[in-house]
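Coordinates from query.txt are shown below (compact mmCIF, C-alpha atoms).
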# COMPACT_ATOMS: atom_id res chain seq x y z
CA MET V 1 2.91 9.37 2.36
CA GLU V 2 5.16 6.61 1.03
CA ARG V 3 3.50 3.34 0.08
CA ARG V 4 5.22 1.29 2.76
CA GLU V 5 4.20 3.79 5.43
CA PHE V 6 0.59 3.77 4.22
CA LEU V 7 0.52 -0.01 4.27
CA GLY V 8 1.96 0.03 7.76
CA VAL V 9 -0.76 2.34 9.04
CA LEU V 10 -3.49 0.46 7.19
CA GLY V 11 -2.15 -2.87 8.36
CA GLY V 12 -1.99 -1.71 11.96
CA ALA V 13 -5.59 -0.52 11.84
CA ALA V 14 -6.80 -3.65 10.08
CA ALA V 15 -5.03 -5.87 12.58
CA ALA V 16 -6.82 -4.05 15.38
CA TRP V 17 -10.31 -4.61 13.93
CA PRO V 18 -10.63 -8.37 14.61
CA LEU V 19 -9.05 -7.88 18.03
CA ALA V 20 -11.60 -5.18 18.84
CA ALA V 21 -14.47 -7.36 17.58
CA HIS V 22 -13.26 -10.21 19.77
CA ALA V 23 -12.88 -7.81 22.67
CA GLN V 24 -16.47 -6.63 22.33
CA GLN V 25 -17.72 -10.23 22.23
CA SER V 26 -15.76 -11.10 25.37
CA GLY V 27 -16.89 -8.00 27.25
CA VAL V 28 -13.54 -6.19 27.13
CA PRO V 29 -14.07 -2.43 26.60
CA VAL V 30 -12.80 -0.83 23.40
CA VAL V 31 -11.19 2.62 23.22
CA GLY V 32 -11.15 4.59 19.99
CA PHE V 33 -7.90 6.51 19.40
CA LEU V 34 -8.55 9.13 16.70
CA ARG V 35 -6.09 11.69 15.32
CA SER V 36 -6.20 14.06 12.36
CA THR V 37 -2.52 13.35 11.65
CA SER V 38 -0.70 10.31 10.32
CA LEU V 39 0.75 7.72 12.68
CA ALA V 40 4.34 8.70 11.95
CA PRO V 41 5.95 10.49 13.65
CA PHE V 42 3.62 10.24 16.65
CA GLU V 43 4.29 6.71 17.89
CA ASN V 44 5.52 8.25 21.17
CA LEU V 45 2.04 9.62 21.86
CA VAL V 46 0.53 6.15 21.50
CA THR V 47 3.15 4.75 23.88
CA ALA V 48 2.44 7.51 26.40
CA PHE V 49 -1.32 6.93 26.12
CA ARG V 50 -0.90 3.22 26.78
CA LEU V 51 1.26 4.06 29.80
CA GLY V 52 -1.51 6.27 31.19
CA LEU V 53 -4.07 3.52 30.63
CA LYS V 54 -1.81 1.10 32.46
CA GLU V 55 -1.53 3.52 35.39
CA ALA V 56 -5.33 3.47 35.51
CA GLY V 57 -5.36 -0.33 35.52
CA PHE V 58 -5.90 -1.15 31.83
CA VAL V 59 -3.46 -3.02 29.58
CA GLU V 60 -4.06 -3.29 25.85
CA GLY V 61 -4.66 -6.89 24.81
CA GLN V 62 -5.53 -7.96 28.34
CA ASN V 63 -8.47 -6.01 29.72
CA VAL V 64 -8.90 -3.29 27.07
CA ALA V 65 -8.70 -3.07 23.27
CA ILE V 66 -7.77 0.03 21.26
CA GLU V 67 -8.86 0.88 17.74
CA TYR V 68 -6.58 3.39 16.00
CA ARG V 69 -7.68 5.80 13.27
CA TYR V 70 -5.48 8.37 11.52
CA ALA V 71 -6.82 10.86 8.97
CA ASP V 72 -3.37 11.62 7.50
CA ASN V 73 -4.01 15.41 7.68
CA GLN V 74 -7.21 15.07 5.64
CA ALA V 75 -9.74 16.72 7.93
CA ASP V 76 -12.69 15.75 5.74
CA ARG V 77 -12.14 12.10 6.71
CA LEU V 78 -12.65 12.68 10.43
CA ARG V 79 -16.45 12.64 10.55
CA ALA V 80 -16.61 9.26 8.83
CA MET V 81 -13.87 7.85 11.07
CA ALA V 82 -15.62 9.10 14.21
CA ALA V 83 -18.93 7.64 12.99
CA GLU V 84 -17.24 4.30 12.34
CA LEU V 85 -15.80 4.16 15.87
CA ILE V 86 -19.16 5.07 17.35
CA SER V 87 -20.94 2.35 15.38
CA ARG V 88 -18.58 -0.42 16.57
CA PRO V 89 -19.23 0.75 19.38
CA VAL V 90 -16.33 2.07 21.47
CA ALA V 91 -16.61 2.90 25.17
CA VAL V 92 -14.40 6.02 25.02
CA ILE V 93 -12.87 8.13 22.25
CA VAL V 94 -9.47 9.80 22.70
CA ALA V 95 -8.65 12.49 20.17
CA ASN V 96 -6.65 15.58 19.25
CA THR V 97 -8.49 18.87 18.67
CA PRO V 98 -9.94 18.44 15.13
CA SER V 99 -10.79 14.80 15.85
CA ALA V 100 -12.46 15.65 19.15
CA LEU V 101 -14.62 18.27 17.45
CA ALA V 102 -15.66 15.72 14.82
CA ALA V 103 -16.45 13.13 17.48
CA LYS V 104 -18.37 15.63 19.59
CA SER V 105 -20.58 16.51 16.62
CA ALA V 106 -21.27 12.80 16.08
CA THR V 107 -22.18 11.69 19.61
CA THR V 108 -23.53 13.19 22.81
CA THR V 109 -23.30 9.97 24.81
CA ILE V 110 -19.93 8.30 24.27
CA PRO V 111 -17.26 9.92 26.50
CA ILE V 112 -14.55 11.85 24.65
CA VAL V 113 -11.10 12.65 26.04
CA PHE V 114 -9.25 15.35 24.10
CA ALA V 115 -5.61 16.37 24.15
CA THR V 116 -5.42 19.92 22.84
CA GLY V 117 -3.00 22.80 22.57
CA SER V 118 -5.79 25.36 22.23
CA ASP V 119 -8.48 26.74 24.52
CA PRO V 120 -11.14 23.99 24.75
CA VAL V 121 -13.81 26.46 25.90
CA ARG V 122 -13.22 28.76 22.93
CA GLN V 123 -13.16 25.73 20.62
CA GLY V 124 -16.52 24.57 21.96
CA LEU V 125 -15.23 21.29 23.37
CA VAL V 126 -16.35 22.10 26.93
CA THR V 127 -18.33 24.89 28.57
CA ASN V 128 -16.06 25.21 31.60
CA LEU V 129 -12.60 23.87 32.49
CA ASN V 130 -13.52 22.91 36.05
CA ARG V 131 -17.01 21.59 35.22
CA PRO V 132 -16.84 20.45 31.58
CA GLY V 133 -20.46 19.34 31.25
CA GLY V 134 -21.61 17.08 28.44
CA ASN V 135 -19.60 14.09 27.27
CA THR V 136 -16.13 15.67 26.85
CA THR V 137 -13.15 16.35 29.06
CA GLY V 138 -9.42 16.12 28.56
CA VAL V 139 -5.95 17.60 28.79
CA VAL V 140 -4.77 21.06 27.70
CA PHE V 141 -1.13 21.77 26.95
CA PHE V 142 -1.73 25.27 25.52
CA GLY V 143 0.73 24.98 22.65
CA GLY V 144 -0.02 28.50 21.46
CA VAL V 145 0.75 30.41 24.65
CA VAL V 146 4.51 29.88 24.80
CA GLY V 147 5.31 31.55 21.49
CA ALA V 148 6.92 34.56 23.13
CA LYS V 149 9.15 32.40 25.32
CA ARG V 150 10.24 30.32 22.33
CA LEU V 151 11.04 33.51 20.42
CA GLU V 152 13.17 34.76 23.29
CA LEU V 153 15.16 31.51 23.41
CA LEU V 154 15.61 31.51 19.63
CA ARG V 155 16.91 35.07 19.80
CA GLN V 156 19.49 34.01 22.35
CA LEU V 157 20.68 31.26 20.02
CA ALA V 158 20.63 33.45 16.90
CA PRO V 159 21.24 37.00 18.14
CA LYS V 160 22.39 38.24 14.72
CA ALA V 161 19.01 37.55 13.12
CA THR V 162 17.53 41.00 12.45
CA THR V 163 14.41 39.38 10.98
CA ILE V 164 12.80 36.16 12.19
CA ALA V 165 10.24 34.34 10.05
CA THR V 166 7.32 32.35 11.44
CA LEU V 167 5.31 29.51 9.90
CA THR V 168 1.65 29.09 10.82
CA HIS V 169 -1.16 26.86 9.64
CA PRO V 170 -4.26 29.10 9.33
CA ALA V 171 -6.73 26.30 10.08
CA SER V 172 -4.95 25.31 13.29
CA PRO V 173 -6.88 26.24 16.47
CA GLU V 174 -3.54 27.10 18.07
CA ALA V 175 -2.41 29.43 15.25
CA ASN V 176 -4.13 32.64 16.38
CA ALA V 177 -3.03 32.32 20.00
CA ASP V 178 0.49 31.43 18.88
CA GLN V 179 0.77 34.45 16.59
CA ARG V 180 -0.62 36.80 19.24
CA GLU V 181 2.03 35.60 21.67
CA VAL V 182 4.79 35.92 19.08
CA ARG V 183 3.73 39.45 18.10
CA VAL V 184 3.67 40.58 21.72
CA GLY V 185 7.05 38.98 22.35
CA ALA V 186 8.55 40.48 19.20
CA GLN V 187 7.32 43.95 20.14
CA SER V 188 8.84 43.76 23.61
CA LEU V 189 12.13 42.50 22.15
CA GLY V 190 12.17 44.98 19.27
CA GLN V 191 12.31 42.05 16.86
CA GLN V 192 11.06 42.20 13.26
CA ILE V 193 8.76 39.28 12.36
CA ILE V 194 7.42 38.11 9.00
CA ASN V 195 4.74 35.42 9.00
CA PHE V 196 4.03 32.79 6.36
CA GLU V 197 0.79 30.79 6.33
CA VAL V 198 1.15 27.25 5.00
CA SER V 199 -1.44 24.55 4.34
CA SER V 200 0.52 21.94 2.36
CA ALA V 201 4.02 20.54 1.92
CA ARG V 202 4.34 22.60 -1.24
CA ASP V 203 3.45 25.75 0.71
CA ILE V 204 6.23 24.97 3.17
CA GLU V 205 8.81 24.61 0.38
CA VAL V 206 7.70 27.87 -1.23
CA ALA V 207 7.77 29.64 2.14
CA PHE V 208 11.36 28.57 2.75
CA ALA V 209 12.44 29.94 -0.62
CA THR V 210 10.79 33.28 0.21
CA ILE V 211 12.20 33.33 3.74
CA VAL V 212 15.72 32.95 2.40
CA GLN V 213 15.09 35.50 -0.35
CA ARG V 214 13.90 38.07 2.20
CA GLY V 215 16.97 37.54 4.35
CA ALA V 216 15.38 36.16 7.52
CA GLY V 217 18.05 34.95 9.90
CA ALA V 218 15.97 32.43 11.86
CA LEU V 219 12.61 30.67 11.81
CA GLN V 220 9.98 29.83 14.40
CA VAL V 221 7.55 27.03 13.52
CA GLY V 222 4.07 27.57 14.91
CA ALA V 223 2.00 25.26 17.06
CA GLY V 224 -0.55 22.75 15.79
CA ALA V 225 -0.91 19.25 14.41
CA PHE V 226 -0.27 20.12 10.74
CA LEU V 227 3.14 21.70 11.31
CA THR V 228 4.08 19.06 13.86
CA SER V 229 3.20 16.38 11.30
CA ASN V 230 5.56 17.98 8.78
CA TRP V 231 8.56 18.39 11.05
CA GLU V 232 10.76 16.07 8.97
CA LEU V 233 10.32 18.23 5.87
CA ILE V 234 10.87 21.44 7.84
CA VAL V 235 14.00 20.09 9.55
CA ALA V 236 15.43 19.05 6.17
CA LEU V 237 14.72 22.45 4.61
CA ALA V 238 16.11 24.30 7.63
CA ALA V 239 19.33 22.26 7.38
CA ARG V 240 19.56 22.84 3.63
CA HIS V 241 19.29 26.61 4.09
CA ALA V 242 21.34 26.70 7.33
CA LEU V 243 18.46 28.41 9.11
CA PRO V 244 18.30 28.29 12.93
CA THR V 245 14.79 27.05 13.67
CA SER V 246 12.61 26.71 16.76
CA TYR V 247 9.92 24.02 16.99
CA ASP V 248 6.86 23.37 19.08
CA GLY V 249 7.75 19.77 19.97
CA ARG V 250 10.83 17.79 20.89
CA ALA V 251 10.48 15.20 18.10
CA ALA V 252 11.85 17.70 15.57
CA VAL V 253 14.87 18.39 17.76
CA GLU V 254 15.55 14.71 18.24
CA GLY V 255 15.42 14.50 14.44
CA GLY V 256 18.01 17.24 13.89
CA GLY V 257 16.15 20.50 14.55
CA LEU V 258 17.83 23.20 16.64
CA MET V 259 15.51 23.72 19.61
CA SER V 260 12.01 23.32 20.99
CA TYR V 261 10.16 24.75 23.94
CA GLY V 262 6.69 23.87 25.05
CA ALA V 263 4.47 21.69 27.13
CA SER V 264 5.26 18.00 27.01
CA ILE V 265 2.66 16.58 24.61
CA THR V 266 3.88 13.12 25.51
CA ASP V 267 2.96 13.72 29.14
CA ALA V 268 -0.39 15.16 28.05
CA TYR V 269 -1.23 11.88 26.26
CA ARG V 270 -0.19 9.92 29.35
CA GLN V 271 -2.69 11.98 31.32
CA ALA V 272 -5.29 11.38 28.59
CA GLY V 273 -4.72 7.65 29.10
CA ILE V 274 -5.35 8.02 32.82
CA TYR V 275 -8.60 9.88 32.15
CA ALA V 276 -9.71 7.26 29.63
CA GLY V 277 -9.14 4.60 32.28
CA ARG V 278 -11.18 6.52 34.85
CA LEU V 279 -14.05 6.82 32.35
CA LEU V 280 -13.87 3.10 31.65
CA LYS V 281 -14.32 2.56 35.39
CA GLY V 282 -17.57 4.49 35.29
CA GLU V 283 -16.70 8.10 36.08
CA LYS V 284 -18.49 10.77 34.03
CA PRO V 285 -16.64 13.23 31.75
CA ALA V 286 -18.86 16.05 33.02
CA ASP V 287 -17.40 15.51 36.50
CA LEU V 288 -13.72 15.35 35.49
CA PRO V 289 -12.07 18.81 35.33
CA VAL V 290 -9.93 19.54 32.30
CA VAL V 291 -6.30 18.90 33.25
CA GLN V 292 -3.82 21.63 32.41
CA ALA V 293 -0.31 20.43 31.58
CA THR V 294 2.33 21.63 34.00
CA LYS V 295 5.40 19.99 32.47
CA PHE V 296 7.28 22.28 30.07
CA GLU V 297 10.61 21.48 28.48
CA PHE V 298 13.36 23.25 26.57
CA VAL V 299 15.26 20.81 24.35
CA LEU V 300 18.41 21.88 22.50
CA ASN V 301 20.32 20.00 19.81
CA HIS V 302 23.91 21.07 20.46
CA LYS V 303 25.18 19.17 17.44
CA THR V 304 22.88 21.17 15.18
CA ALA V 305 23.94 24.42 16.88
CA LYS V 306 27.57 23.59 16.11
CA ALA V 307 26.71 22.75 12.49
CA LEU V 308 25.06 26.18 12.22
CA ARG V 309 28.13 27.76 13.85
CA LEU V 310 26.08 29.21 16.66
CA GLU V 311 27.75 30.13 19.92
CA VAL V 312 25.65 28.64 22.70
CA SER V 313 26.27 30.39 26.00
CA ASP V 314 26.63 28.51 29.27
CA ARG V 315 23.48 30.30 30.43
CA VAL V 316 21.40 28.86 27.58
CA LEU V 317 22.88 25.41 28.13
CA ALA V 318 21.92 25.65 31.79
CA LEU V 319 18.34 26.59 30.86
CA ALA V 320 17.91 23.50 28.68
CA ASP V 321 16.05 20.58 30.21
CA GLU V 322 17.81 18.31 27.72
CA VAL V 323 20.85 18.85 25.50
CA ILE V 324 21.23 16.48 22.55
CA GLU V 325 24.89 16.02 21.65
Show how you would write the structure in this file as structure tokens.
Amino acid sequence: MERREFLGVLGGAAAAWPLAAHAQQSGVPVVGFLRSTSLAPFENLVTAFRLGLKEAGFVEGQNVAIEYRYADNQADRLRAMAAELISRPVAVIVANTPSALAAKSATTTIPIVFATGSDPVRQGLVTNLNRPGGNTTGVVFFGGVVGAKRLELLRQLAPKATTIATLTHPASPEANADQREVRVGAQSLGQQIINFEVSSARDIEVAFATIVQRGAGALQVGAGAFLTSNWELIVALAARHALPTSYDGRAAVEGGGLMSYGASITDAYRQAGIYAGRLLKGEKPADLPVVQATKFEFVLNHKTAKALRLEVSDRVLALADEVIE
């Protein structure tokens, strides 16, 4: 992380602390917003969360305060961050998958709202989707179950790619489901797949060199917070190597990537904001069914397709929910 970015994140968190302290003294509830990633490039999720809170009747700085914590992809920091939020104390914690697991291990009383792309039952966040039980509930956007569909769309954009590479983060809860979907999709399409596991920026750079060396004609980036956090690096490397690439989230496409297909994570965080508001009003997480995201979107960067000299059919253009020119 660059120094100015670090200072910006630190400054934002520090600025929130006195506000939260004042909020607690004045009786205004405090929400803890905890993510395993950095703040950038996820500002849109914060905006969506605030929108959901507003829909539930809570406006930051008026009748609710929010404390933000970002672990900058250092999972070993999450337990301490969760403990700090709990000690303040906060009324509700909103978190992505690794952060929610850390918070759940730290408290059995403070309500937790998760936004996850993996199966929350399998992850141990809840015992049942309809009757969560305990102190957790949330929103599922199942990032790992659309891998086959993304592969199919990528194939339509890069039909000459005899081999397609995939990037996965082995520690991501979504990785296994994502790879299962991709393997099934590849088998039905008769597509050769080679997978690369990456756990650092250096791993990503090395993987790209190997992908090019092995002659892969396209790349599919797996689901999960780590790879989403590194979309800027991946987009830059994909452009450098002229490699058609599919992403899990739209931010990469807005930043120059070729295409994305998946559930709207932005909408998932809006729904998480609504649930946080309902909990602040006194509802119990055990009684709130886990919400499953229903909004999926296919975003295509036509400018990038042209730069890669890809012929985009009218059919593919018609399938796109948004075309970036």
Using all atoms listed in the file, find the one residue out of V:Trp231, V:Tyr68, V:Phe42, V:Phe141 that sits nearest to V:Ser118. V:Phe141
Hey, which of V:Gly277, V:Gly249, V:Gly134, V:Gly257 ends up closest to V:Ile324? Count all atoms listed in the file.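 Looking at the shortest contact to V:Ile324, the residue is V:Gly257.
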Given the choices V:Leu280, V:Ala201, V:Ala207, V:Ala100, which gets closest to V:Ser229 if the distance is worked out from all atoms listed in the file?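 Closest to V:Ser229, using all atoms listed in the file: V:Ala201.
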For V:Glu283, the nearest of the candidates V:Ser38, V:Thr107, V:Thr136, V:Asn44, counting all atoms listed in the file: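 That would be V:Thr136, the residue with the smallest distance to V:Glu283.
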What are the closest atom pairs, with distances in Å to one decimal, for each residue of stretch 121-205 of chain V lying within 12 Å of stretch 88-93 of chain V, using all atoms listed in the file, rows by chain and rising residue number, as JSON lines?
{"residue": "V:Asn135", "atom": "CA", "partner": "V:Val92", "partner_atom": "CA", "distance": 9.9}
{"residue": "V:Thr136", "atom": "CA", "partner": "V:Ile93", "partner_atom": "CA", "distance": 9.4}
{"residue": "V:Thr137", "atom": "CA", "partner": "V:Ile93", "partner_atom": "CA", "distance": 10.7}
{"residue": "V:Gly138", "atom": "CA", "partner": "V:Ile93", "partner_atom": "CA", "distance": 10.7}
Shell of 9 Å around V:Glu152, all atoms listed in the file, local chain residues under 4 positions omitted, as a count of residues only: 7
Could you tell me how far atom CA of V:Ile164 sits from atom CA of V:Leu151, in Å to one decimal place?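 Atom-to-atom, atom CA of V:Leu151 and atom CA of V:Ile164 are spaced 8.8 Å apart.
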Smallest atom-to-atom distance to V:Val146: which of V:Ser260, V:Asn73, V:Thr97, V:Ser36, using all atoms listed in the file?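 Once distances to V:Val146 are computed over all atoms listed in the file, the minimum belongs to V:Ser260.
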Would you kindly return, as an mmCIF file with C-alpha atoms, keeping the file's coordinate frame, each protein, DNA or RNA residue with an atom no farther than 8 Å from any atom of V:Ala161, considering all atoms listed in the file and excluding same-chain residues fewer than 6 positions away?
data_model
loop_
_atom_site.group_PDB
_atom_site.id
_atom_site.type_symbol
_atom_site.label_atom_id
_atom_site.label_comp_id
_atom_site.auth_asym_id
_atom_site.auth_seq_id
_atom_site.Cartn_x
_atom_site.Cartn_y
_atom_site.Cartn_z
ATOM 1 C CA ARG V 155 16.910 35.070 19.800
ATOM 2 C CA ALA V 216 15.380 36.160 7.520
ATOM 3 C CA GLY V 217 18.050 34.950 9.900
ATOM 4 C CA ALA V 218 15.970 32.430 11.860
#
Pick from V:Ala251, V:Leu300, V:Leu308, V:Phe226: nearest to V:Ala239, with only C-alpha atoms counted?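 That would be V:Leu308, the residue with the smallest distance to V:Ala239.
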Contacts of V:Arg77 at 12 Å (all atoms listed in the file; same-chain gap of 3+ positions) as a VMD selection string: chain V and resid 34 to 37 69 to 74 80 to 84 98 to 99 102 to 103
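Rounded to one decimal, atom CA of V:Phe196 and atom CA of V:Val253 lie 21.3 Å from each other.
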